[in-house]
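Coordinates from my_file_22.cif are shown below (mmCIF, C-alpha atoms).
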data_coords
loop_
_atom_site.label_atom_id
_atom_site.label_comp_id
_atom_site.auth_asym_id
_atom_site.auth_seq_id
_atom_site.Cartn_x
_atom_site.Cartn_y
_atom_site.Cartn_z
CA MET X 1 12.18 7.06 -11.84
CA ILE X 2 9.52 8.98 -9.90
CA VAL X 3 7.19 6.62 -8.07
CA ASP X 4 3.49 7.03 -8.86
CA SER X 5 1.94 6.93 -5.37
CA LEU X 6 -1.46 5.98 -6.71
CA LYS X 7 -0.46 3.28 -9.18
CA PHE X 8 -1.89 0.43 -7.07
CA PHE X 9 -4.33 2.45 -4.96
CA PRO X 10 -8.10 2.03 -5.49
CA ALA X 11 -9.18 5.11 -7.43
CA PRO X 12 -12.43 5.76 -5.49
CA PHE X 13 -10.47 6.10 -2.25
CA ALA X 14 -7.41 7.94 -3.51
CA PRO X 15 -6.12 10.58 -1.10
CA THR X 16 -5.35 14.09 -2.23
CA THR X 17 -1.64 14.85 -2.34
CA LYS X 18 0.55 17.73 -3.25
CA GLY X 19 2.90 17.50 -6.17
CA ALA X 20 5.95 15.27 -5.90
CA VAL X 21 9.21 16.73 -4.74
CA HIS X 22 12.17 14.53 -5.49
CA SER X 23 15.34 15.04 -3.59
CA GLN X 24 18.47 12.96 -3.58
CA ALA X 25 20.03 11.77 -0.34
CA ARG X 26 23.75 11.76 0.13
CA ARG X 27 24.68 8.26 -0.97
CA ASN X 28 28.29 8.14 0.11
CA LEU X 29 27.55 7.00 3.62
CA SER X 30 26.59 3.51 4.68
CA GLY X 31 24.79 1.91 7.58
CA ARG X 32 27.92 0.21 8.87
CA HIS X 33 27.71 2.05 12.16
CA LEU X 34 24.01 1.42 12.77
CA LYS X 35 22.15 -1.30 14.66
CA ILE X 36 18.99 -1.67 12.64
CA ALA X 37 15.44 -2.60 13.60
CA LEU X 38 12.59 -3.19 11.17
CA LEU X 39 8.91 -2.35 11.59
CA THR X 40 6.08 -3.62 9.39
CA SER X 41 2.43 -2.59 9.47
CA SER X 42 1.27 -5.82 7.84
CA GLY X 43 -0.18 -7.31 11.06
CA MET X 44 2.38 -10.11 11.46
CA TYR X 45 2.45 -12.10 14.69
CA ILE X 46 3.94 -15.34 16.00
CA LYS X 47 1.19 -17.94 15.79
CA ARG X 48 2.32 -20.20 18.64
CA SER X 49 2.96 -17.53 21.26
CA GLN X 50 1.12 -14.33 20.39
CA ALA X 51 -2.49 -13.34 19.95
CA SER X 52 -3.60 -12.32 16.50
CA PHE X 53 -4.43 -8.67 15.97
CA ASP X 54 -8.11 -8.24 16.80
CA LEU X 55 -9.99 -8.44 13.52
CA GLU X 56 -13.32 -9.44 15.04
CA HIS X 57 -13.78 -6.07 16.72
CA GLU X 58 -12.90 -4.29 13.47
CA GLN X 59 -15.62 -6.26 11.69
CA THR X 60 -18.22 -4.62 13.89
CA HIS X 61 -16.40 -1.29 14.30
CA PRO X 62 -15.13 -0.46 10.79
CA GLU X 63 -13.39 2.77 11.78
CA TRP X 64 -11.33 0.99 14.47
CA GLY X 65 -8.08 -0.92 14.06
CA ASP X 66 -6.19 -2.92 16.69
CA PRO X 67 -3.57 -0.47 18.09
CA THR X 68 -1.34 -3.07 19.78
CA TRP X 69 2.06 -4.26 18.54
CA ARG X 70 4.11 -7.45 18.46
CA ALA X 71 7.83 -8.19 18.80
CA ILE X 72 8.90 -10.61 16.08
CA PRO X 73 12.10 -12.54 16.91
CA SER X 74 14.64 -12.16 14.12
CA SER X 75 14.97 -15.95 13.99
CA ALA X 76 11.27 -16.50 13.22
CA THR X 77 10.54 -18.58 10.14
CA ALA X 78 7.76 -18.11 7.62
CA ALA X 79 5.99 -21.14 9.07
CA GLU X 80 5.82 -19.45 12.48
CA ILE X 81 4.38 -16.15 11.23
CA GLY X 82 0.71 -15.34 10.90
CA VAL X 83 -0.80 -12.25 9.27
CA ALA X 84 -3.92 -10.47 10.54
CA HIS X 85 -4.91 -7.59 8.26
CA LEU X 86 -8.31 -7.16 6.62
CA HIS X 87 -7.08 -4.69 4.00
CA LEU X 88 -4.56 -6.91 2.22
CA ASN X 89 -4.35 -10.24 0.47
CA ASP X 90 -2.07 -12.14 2.85
CA GLU X 91 -0.97 -14.94 0.50
CA ASP X 92 2.38 -13.44 -0.50
CA LEU X 93 3.09 -12.24 3.04
CA LEU X 94 2.60 -15.75 4.41
CA ALA X 95 4.61 -17.34 1.60
CA ASP X 96 7.54 -14.96 2.11
CA PRO X 97 7.34 -12.56 5.09
CA GLU X 98 10.60 -10.96 3.88
CA ILE X 99 8.57 -8.89 1.40
CA ALA X 100 7.41 -6.76 4.34
CA LEU X 101 9.85 -7.63 7.14
CA PRO X 102 13.21 -8.62 5.59
CA MET X 103 14.83 -9.70 8.84
CA HIS X 104 16.74 -12.66 7.41
CA LEU X 105 18.08 -10.49 4.60
CA LEU X 106 19.10 -7.90 7.20
CA GLY X 107 20.89 -10.68 9.09
CA GLN X 108 22.75 -11.51 5.90
CA LEU X 109 23.82 -7.86 5.49
CA GLU X 110 25.02 -7.93 9.09
CA ARG X 111 27.13 -11.02 8.37
CA GLU X 112 28.53 -9.22 5.33
CA ARG X 113 29.34 -6.27 7.64
CA LEU X 114 27.22 -3.88 5.59
CA VAL X 115 25.32 -2.89 8.73
CA GLY X 116 26.64 -2.63 12.23
CA GLY X 117 24.04 -4.99 13.61
CA ALA X 118 20.41 -6.00 13.75
CA THR X 119 18.16 -6.03 16.77
CA ALA X 120 17.11 -9.36 18.27
CA ASP X 121 13.45 -8.48 17.74
CA HIS X 122 11.71 -6.62 14.99
CA LEU X 123 8.31 -4.92 15.26
CA SER X 124 4.87 -5.46 13.83
CA VAL X 125 1.74 -3.34 13.97
CA MET X 126 -1.53 -3.52 12.07
CA GLY X 127 -1.53 -0.44 9.92
CA TYR X 128 -5.23 0.29 9.66
CA GLN X 129 -5.92 2.65 12.58
CA GLU X 130 -8.60 5.07 13.71
CA ALA X 131 -8.03 8.44 12.12
CA LYS X 132 -6.72 10.36 15.12
CA LEU X 133 -4.22 7.64 16.12
CA PHE X 134 -5.08 8.22 19.79
CA GLU X 135 -4.08 4.76 21.06
CA TRP X 136 -0.94 4.69 18.96
CA ARG X 137 0.08 8.08 20.33
CA GLN X 138 -0.79 7.32 23.97
CA THR X 139 0.32 3.71 24.28
CA ALA X 140 1.89 1.98 21.29
CA ALA X 141 4.44 4.63 20.31
CA PRO X 142 5.94 5.01 23.82
CA GLU X 143 6.11 1.23 24.17
CA LEU X 144 7.73 0.83 20.75
CA ILE X 145 10.29 3.53 21.55
CA ALA X 146 11.10 1.89 24.90
CA HIS X 147 11.49 -1.48 23.21
CA LEU X 148 13.77 -0.05 20.53
CA ARG X 149 15.93 1.52 23.22
CA GLU X 150 16.09 -1.77 25.15
CA GLN X 151 17.21 -3.46 21.96
CA GLY X 152 19.88 -0.85 21.37
CA ALA X 153 18.47 0.18 17.99
CA SER X 154 20.23 3.13 16.39
CA GLY X 155 18.08 3.14 13.26
CA LEU X 156 14.60 1.98 12.27
CA ILE X 157 13.26 1.06 8.84
CA LEU X 158 9.47 1.33 8.76
CA ALA X 159 7.52 -0.32 5.98
CA PRO X 160 3.84 0.52 5.67
CA ALA X 161 1.98 -2.43 4.22
CA MET G 1 3.01 5.16 9.50
CA PRO G 2 4.74 8.47 8.61
CA VAL G 3 3.30 9.91 11.83
CA LEU G 4 4.63 6.97 13.83
CA ALA G 5 8.03 7.49 12.21
CA ARG G 6 7.95 11.15 13.23
CA TRP G 7 7.26 10.28 16.86
CA ILE G 8 10.11 7.77 16.89
CA GLU G 9 12.45 10.29 15.24
CA ALA G 10 11.47 12.83 17.89
CA ALA G 11 12.56 10.31 20.53
CA GLY G 12 16.03 10.32 18.97
CA ILE G 13 15.98 7.16 16.85
CA PRO G 14 16.66 7.85 13.14
CA THR G 15 14.11 6.35 10.77
CA VAL G 16 13.40 5.80 7.11
CA VAL G 17 9.97 4.93 5.70
CA VAL G 18 9.80 2.54 2.72
CA THR G 19 6.46 3.37 1.16
CA MET G 20 4.32 2.81 -1.90
CA MET G 21 2.86 6.29 -1.39
CA PRO G 22 5.80 8.68 -1.00
CA GLU G 23 3.68 11.71 -1.86
CA VAL G 24 1.39 10.93 1.07
CA ALA G 25 4.40 10.42 3.32
CA GLU G 26 5.67 13.84 2.28
CA ASP G 27 2.27 15.37 3.00
CA ARG G 28 2.40 13.80 6.47
CA ARG G 29 5.88 15.31 6.94
CA ALA G 30 7.55 11.93 7.22
CA PRO G 31 11.24 11.65 8.01
CA PRO G 32 13.42 10.33 5.13
CA THR G 33 11.45 8.26 2.66
CA VAL G 34 12.16 5.61 0.05
CA GLY G 35 9.42 5.45 -2.58
CA VAL G 36 8.66 2.08 -4.16
CA GLU G 37 6.17 1.56 -6.98
CA PHE G 38 5.11 -1.82 -5.66
CA PRO G 39 1.67 -3.22 -4.78
CA PHE G 40 0.54 -2.87 -1.18
CA GLY G 41 1.89 -5.54 1.16
CA HIS G 42 5.13 -5.81 -0.85
CA ALA G 43 7.29 -2.96 0.43
CA PHE G 44 10.56 -4.77 -0.29
CA GLY G 45 9.62 -6.59 -3.47
CA MET G 46 8.40 -9.82 -4.99
CA PRO G 47 8.11 -12.98 -2.87
CA HIS G 48 11.33 -15.02 -2.95
CA ASP G 49 13.10 -12.44 -5.14
CA ARG G 50 16.05 -11.79 -2.85
CA ALA G 51 17.83 -9.56 -5.37
CA MET G 52 14.89 -7.17 -5.59
CA GLN G 53 14.37 -7.23 -1.82
CA ARG G 54 18.06 -6.53 -1.31
CA ARG G 55 18.05 -3.53 -3.66
CA THR G 56 15.18 -2.03 -1.66
CA LEU G 57 16.71 -2.75 1.74
CA GLU G 58 20.14 -1.44 0.72
CA LEU G 59 18.59 1.80 -0.60
CA ALA G 60 16.68 2.20 2.67
CA LEU G 61 19.93 1.74 4.61
CA HIS G 62 21.73 4.30 2.43
CA VAL G 63 18.96 6.84 2.95
CA LEU G 64 18.76 6.11 6.67
CA ALA G 65 22.49 6.57 7.07
CA GLY G 66 22.97 9.39 4.64
CA ALA G 67 19.88 11.57 4.51
CA SER G 68 21.11 15.03 5.18
CA ARG G 69 17.83 16.64 6.03
CA PHE G 70 14.25 16.03 7.10
CA GLY G 71 11.97 15.24 4.20
CA THR G 72 14.55 13.57 1.98
CA ARG G 73 12.90 11.33 -0.60
CA VAL G 74 14.60 8.84 -2.87
CA ASP G 75 12.56 6.64 -5.22
CA LEU G 76 13.69 3.09 -6.03
CA ASP G 77 14.34 2.66 -9.73
CA THR G 78 12.63 -0.72 -10.05
CA VAL G 79 9.51 -1.51 -12.06
CA TRP G 80 7.11 -4.15 -10.72
CA PRO G 81 7.42 -7.10 -13.13
CA VAL G 82 3.71 -7.90 -13.25
CA PRO G 83 1.16 -6.06 -15.42
CA PRO G 84 -0.42 -3.27 -13.32
CA ARG G 85 -4.00 -4.53 -13.66
CA GLU G 86 -3.01 -8.01 -12.51
CA ALA G 87 -0.88 -6.66 -9.67
CA TYR G 88 -3.70 -4.33 -8.57
CA ARG G 89 -6.12 -7.23 -8.27
CA ALA G 90 -3.57 -9.47 -6.55
CA TRP G 91 -2.82 -7.27 -3.55
CA GLN G 92 -6.43 -6.74 -2.54
CA PRO G 93 -8.14 -8.91 0.07
CA LYS G 94 -10.54 -11.55 -1.16
CA VAL G 95 -13.30 -9.91 0.89
CA ALA G 96 -13.61 -6.13 1.07
CA SER G 97 -12.57 -4.68 4.44
CA PRO G 98 -15.31 -3.46 6.80
CA ILE G 99 -14.60 0.22 6.13
CA VAL G 100 -14.66 -0.29 2.36
CA ARG G 101 -17.96 -2.15 2.64
CA LYS G 102 -19.37 0.66 4.78
CA ILE G 103 -18.25 3.36 2.34
CA LEU G 104 -19.60 1.50 -0.67
CA GLU G 105 -22.90 0.86 1.07
CA ALA G 106 -23.16 4.55 1.96
CA GLN G 107 -22.51 5.42 -1.69
CA GLY G 108 -25.27 3.04 -2.71
CA THR G 109 -22.84 0.77 -4.48
CA GLY G 110 -23.72 -2.15 -2.23
CA PRO G 111 -21.52 -4.94 -0.98
CA ILE G 112 -18.73 -6.13 -3.28
#

As structure tokens, please, write out the structure in this file.
Amino acid sequence: MIVDSLKFFPAPFAPTTKGAVHSQARRNLSGRHLKIALLTSSGMYIKRSQASFDLEHEQTHPEWGDPTWRAIPSSATAAEIGVAHLHLNDEDLLADPEIALPMHLLGQLERERLVGGATADHLSVMGYQEAKLFEWRQTAAPELIAHLREQGASGLILAPA
Amino acid sequence: MPVLARWIEAAGIPTVVVTMMPEVAEDRRAPPTVGVEFPFGHAFGMPHDRAMQRRTLELALHVLAGASRFGTRVDLDTVWPVPPREAYRAWQPKVASPIVRKILEAQGTGPI
């Protein structure tokens, strides 16, 4: 199956892309040696202890998106997680955050010894950003990299929302 | 997100991007990519469908561990079990985002 990148994308805003190139990864290896971290761009945060991503400023500055990030403890439950993202319907994300940040499933794979480990925290950003990504480049990315190193991550799965 | 993945790869941490738009990720020269034909906001699958989520996560782990070169792309062989028109409507916010409102207003379409 070749994924149609525009199947669920609004036609008036569709980006221009080159033709698909499909290559097959080597599949005989596993992640048993890796300590995995997850990163979602769905704007998740911990309601009781973290500020929401700033949606008010985006309302008045439509080309701007909050460039900060949040560490989501791997033990967090759906009831503890909020979602701040003006470009998505958040109902499914709130009902089951695993659809964007499958940290409990990753914990299960760790217990089954299919991965070497999972980091104590996973990462959340709000994926709508100003076009040049200046704040992400200058601030968020170095902080995220430092946090991943502190956590001992040897692999990162990023999931754009 | 592909750009963020590239920066993190450059810092020495291997990455894989699970994306609904693998062609865009390739255009942005993303590190290894798993393509999923799922609605936005649902990178790993349907809510509460652990089997579907597990298939996606396991493929991402295989690609992360086994991708032999930059730019590897593997698409998940799973079809979204909801009619496309219904799924398209379901992922969108109830109120158009500020940038969409601005674009539509500039086009003369007006608020939606």

*Could you please tell me, as a PyMOL selection string, which residues of chain G have an atom within 7 Å of chain X when using all atoms listed in the file?*
chain G and resi 1+4+8+13-24+27+35-37+39-48+53+61-63+65-68+72-75+77+88+91-94+97-99

*Fewer than 4 positions away in the same chain doesn't count, so skip those; otherwise give me all residues within 7 Å of Gly71 in chain G, counting all atoms listed in the file, as a VMD selection string.*
chain G and resid 26 29 to 32

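If you look at CA of Arg89 in chain G and CA of Val83 in chain X, they are 19.0 Å away from each other.
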
*What does the distance from CA of Thr77 in chain X to CA of Val95 in chain G come to in Å, to one decimal?*
27.0 Å

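Distances to Pro83 in chain G were evaluated for G:Gly108, G:Arg101, G:Asp49, G:Phe38 using only C-alpha atoms, and the minimum falls at G:Phe38.
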
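Taking CA of Ile103 in chain G and CA of Asp66 in chain X as the two end points, the separation is 19.8 Å.
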
*Can you pull out every residue within 8 Å of Lys47 in chain X, counting only C-alpha atoms, but drop anything in the same chain fewer than 6 positions away, and send it as a PyMOL selection string?*
chain X and resi 80-82

So that all listed atoms of range 11-16 of chain G fit with 5 Å spare on each side, what axis-aligned box centre and edge lengths in Å, to one decimal, would you give as JSON?
{"center_x": 14.6, "center_y": 8.1, "center_z": 13.8, "size_x": 14.1, "size_y": 14.5, "size_z": 23.4}

Run the PyMOL selection byres ((chain X and resi 50) around 10) mentally over the shown coordinates, then write out the matched residues as a compact mmCIF listing (two decimals) with C-alpha atoms, in the coordinates of the input, using the chain letters and numbers from the document.
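Final file, result-v4.txt:
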# COMPACT_ATOMS: atom_id res chain seq x y z
CA MET X 44 2.38 -10.11 11.46
CA TYR X 45 2.45 -12.10 14.69
CA ILE X 46 3.94 -15.34 16.00
CA LYS X 47 1.19 -17.94 15.79
CA ARG X 48 2.32 -20.20 18.64
CA SER X 49 2.96 -17.53 21.26
CA ALA X 51 -2.49 -13.34 19.95
CA SER X 52 -3.60 -12.32 16.50
CA PHE X 53 -4.43 -8.67 15.97
CA ARG X 70 4.11 -7.45 18.46
CA ALA X 71 7.83 -8.19 18.80
CA ILE X 72 8.90 -10.61 16.08
CA ILE X 81 4.38 -16.15 11.23
CA GLY X 82 0.71 -15.34 10.90

Write only C-alpha atoms for range 77-129 of chain X from the block just shown, as a PDB file, in the first residue's frame.
ATOM      1  CA  THR X  77      -3.423   8.947  32.420  1.00  0.00           C
ATOM      2  CA  ALA X  78      -5.927  10.193  29.871  1.00  0.00           C
ATOM      3  CA  ALA X  79      -7.747  12.060  32.630  1.00  0.00           C
ATOM      4  CA  GLU X  80      -4.592  14.063  33.400  1.00  0.00           C
ATOM      5  CA  ILE X  81      -3.884  15.107  29.802  1.00  0.00           C
ATOM      6  CA  GLY X  82      -5.192  18.229  28.120  1.00  0.00           C
ATOM      7  CA  VAL X  83      -4.881  19.123  24.435  1.00  0.00           C
ATOM      8  CA  ALA X  84      -4.316  22.657  23.129  1.00  0.00           C
ATOM      9  CA  HIS X  85      -4.322  22.761  19.329  1.00  0.00           C
ATOM     10  CA  LEU X  86      -6.575  24.968  17.205  1.00  0.00           C
ATOM     11  CA  HIS X  87      -6.088  22.936  14.025  1.00  0.00           C
ATOM     12  CA  LEU X  88      -7.517  19.618  15.208  1.00  0.00           C
ATOM     13  CA  ASN X  89     -10.670  18.191  16.708  1.00  0.00           C
ATOM     14  CA  ASP X  90      -9.392  17.131  20.133  1.00  0.00           C
ATOM     15  CA  GLU X  91     -12.187  14.709  21.070  1.00  0.00           C
ATOM     16  CA  ASP X  92     -10.378  11.496  20.111  1.00  0.00           C
ATOM     17  CA  LEU X  93      -7.075  12.741  21.541  1.00  0.00           C
ATOM     18  CA  LEU X  94      -8.690  13.401  24.910  1.00  0.00           C
ATOM     19  CA  ALA X  95     -10.591  10.107  24.868  1.00  0.00           C
ATOM     20  CA  ASP X  96      -7.453   8.104  24.073  1.00  0.00           C
ATOM     21  CA  PRO X  97      -4.128  10.003  24.026  1.00  0.00           C
ATOM     22  CA  GLU X  98      -2.426   6.791  22.851  1.00  0.00           C
ATOM     23  CA  ILE X  99      -3.540   7.596  19.290  1.00  0.00           C
ATOM     24  CA  ALA X 100      -0.838  10.286  19.211  1.00  0.00           C
ATOM     25  CA  LEU X 101       1.432   9.421  22.146  1.00  0.00           C
ATOM     26  CA  PRO X 102       1.297   5.635  22.741  1.00  0.00           C
ATOM     27  CA  MET X 103       3.354   5.669  25.917  1.00  0.00           C
ATOM     28  CA  HIS X 104       1.394   2.967  27.740  1.00  0.00           C
ATOM     29  CA  LEU X 105       1.617   0.709  24.699  1.00  0.00           C
ATOM     30  CA  LEU X 106       5.356   1.396  24.559  1.00  0.00           C
ATOM     31  CA  GLY X 107       5.544   0.422  28.242  1.00  0.00           C
ATOM     32  CA  GLN X 108       3.830  -2.831  27.356  1.00  0.00           C
ATOM     33  CA  LEU X 109       6.388  -3.524  24.601  1.00  0.00           C
ATOM     34  CA  GLU X 110       9.127  -2.828  27.131  1.00  0.00           C
ATOM     35  CA  ARG X 111       7.611  -5.378  29.530  1.00  0.00           C
ATOM     36  CA  GLU X 112       7.481  -7.849  26.635  1.00  0.00           C
ATOM     37  CA  ARG X 113      11.183  -7.070  26.005  1.00  0.00           C
ATOM     38  CA  LEU X 114      10.505  -5.932  22.453  1.00  0.00           C
ATOM     39  CA  VAL X 115      12.275  -2.656  23.170  1.00  0.00           C
ATOM     40  CA  GLY X 116      15.219  -2.067  25.424  1.00  0.00           C
ATOM     41  CA  GLY X 117      13.424   0.566  27.438  1.00  0.00           C
ATOM     42  CA  ALA X 118      11.258   3.657  27.436  1.00  0.00           C
ATOM     43  CA  THR X 119      12.153   7.063  28.777  1.00  0.00           C
ATOM     44  CA  ALA X 120      10.486   8.297  31.961  1.00  0.00           C
ATOM     45  CA  ASP X 121       9.113  11.317  30.118  1.00  0.00           C
ATOM     46  CA  HIS X 122       7.820  11.724  26.613  1.00  0.00           C
ATOM     47  CA  LEU X 123       7.590  15.005  24.690  1.00  0.00           C
ATOM     48  CA  SER X 124       4.828  17.231  23.420  1.00  0.00           C
ATOM     49  CA  VAL X 125       4.908  20.269  21.168  1.00  0.00           C
ATOM     50  CA  MET X 126       2.171  22.166  19.372  1.00  0.00           C
ATOM     51  CA  GLY X 127       2.800  21.498  15.735  1.00  0.00           C
ATOM     52  CA  TYR X 128       1.480  24.670  14.153  1.00  0.00           C
ATOM     53  CA  GLN X 129       4.525  26.965  13.992  1.00  0.00           C
TER      54      GLN X 129
END
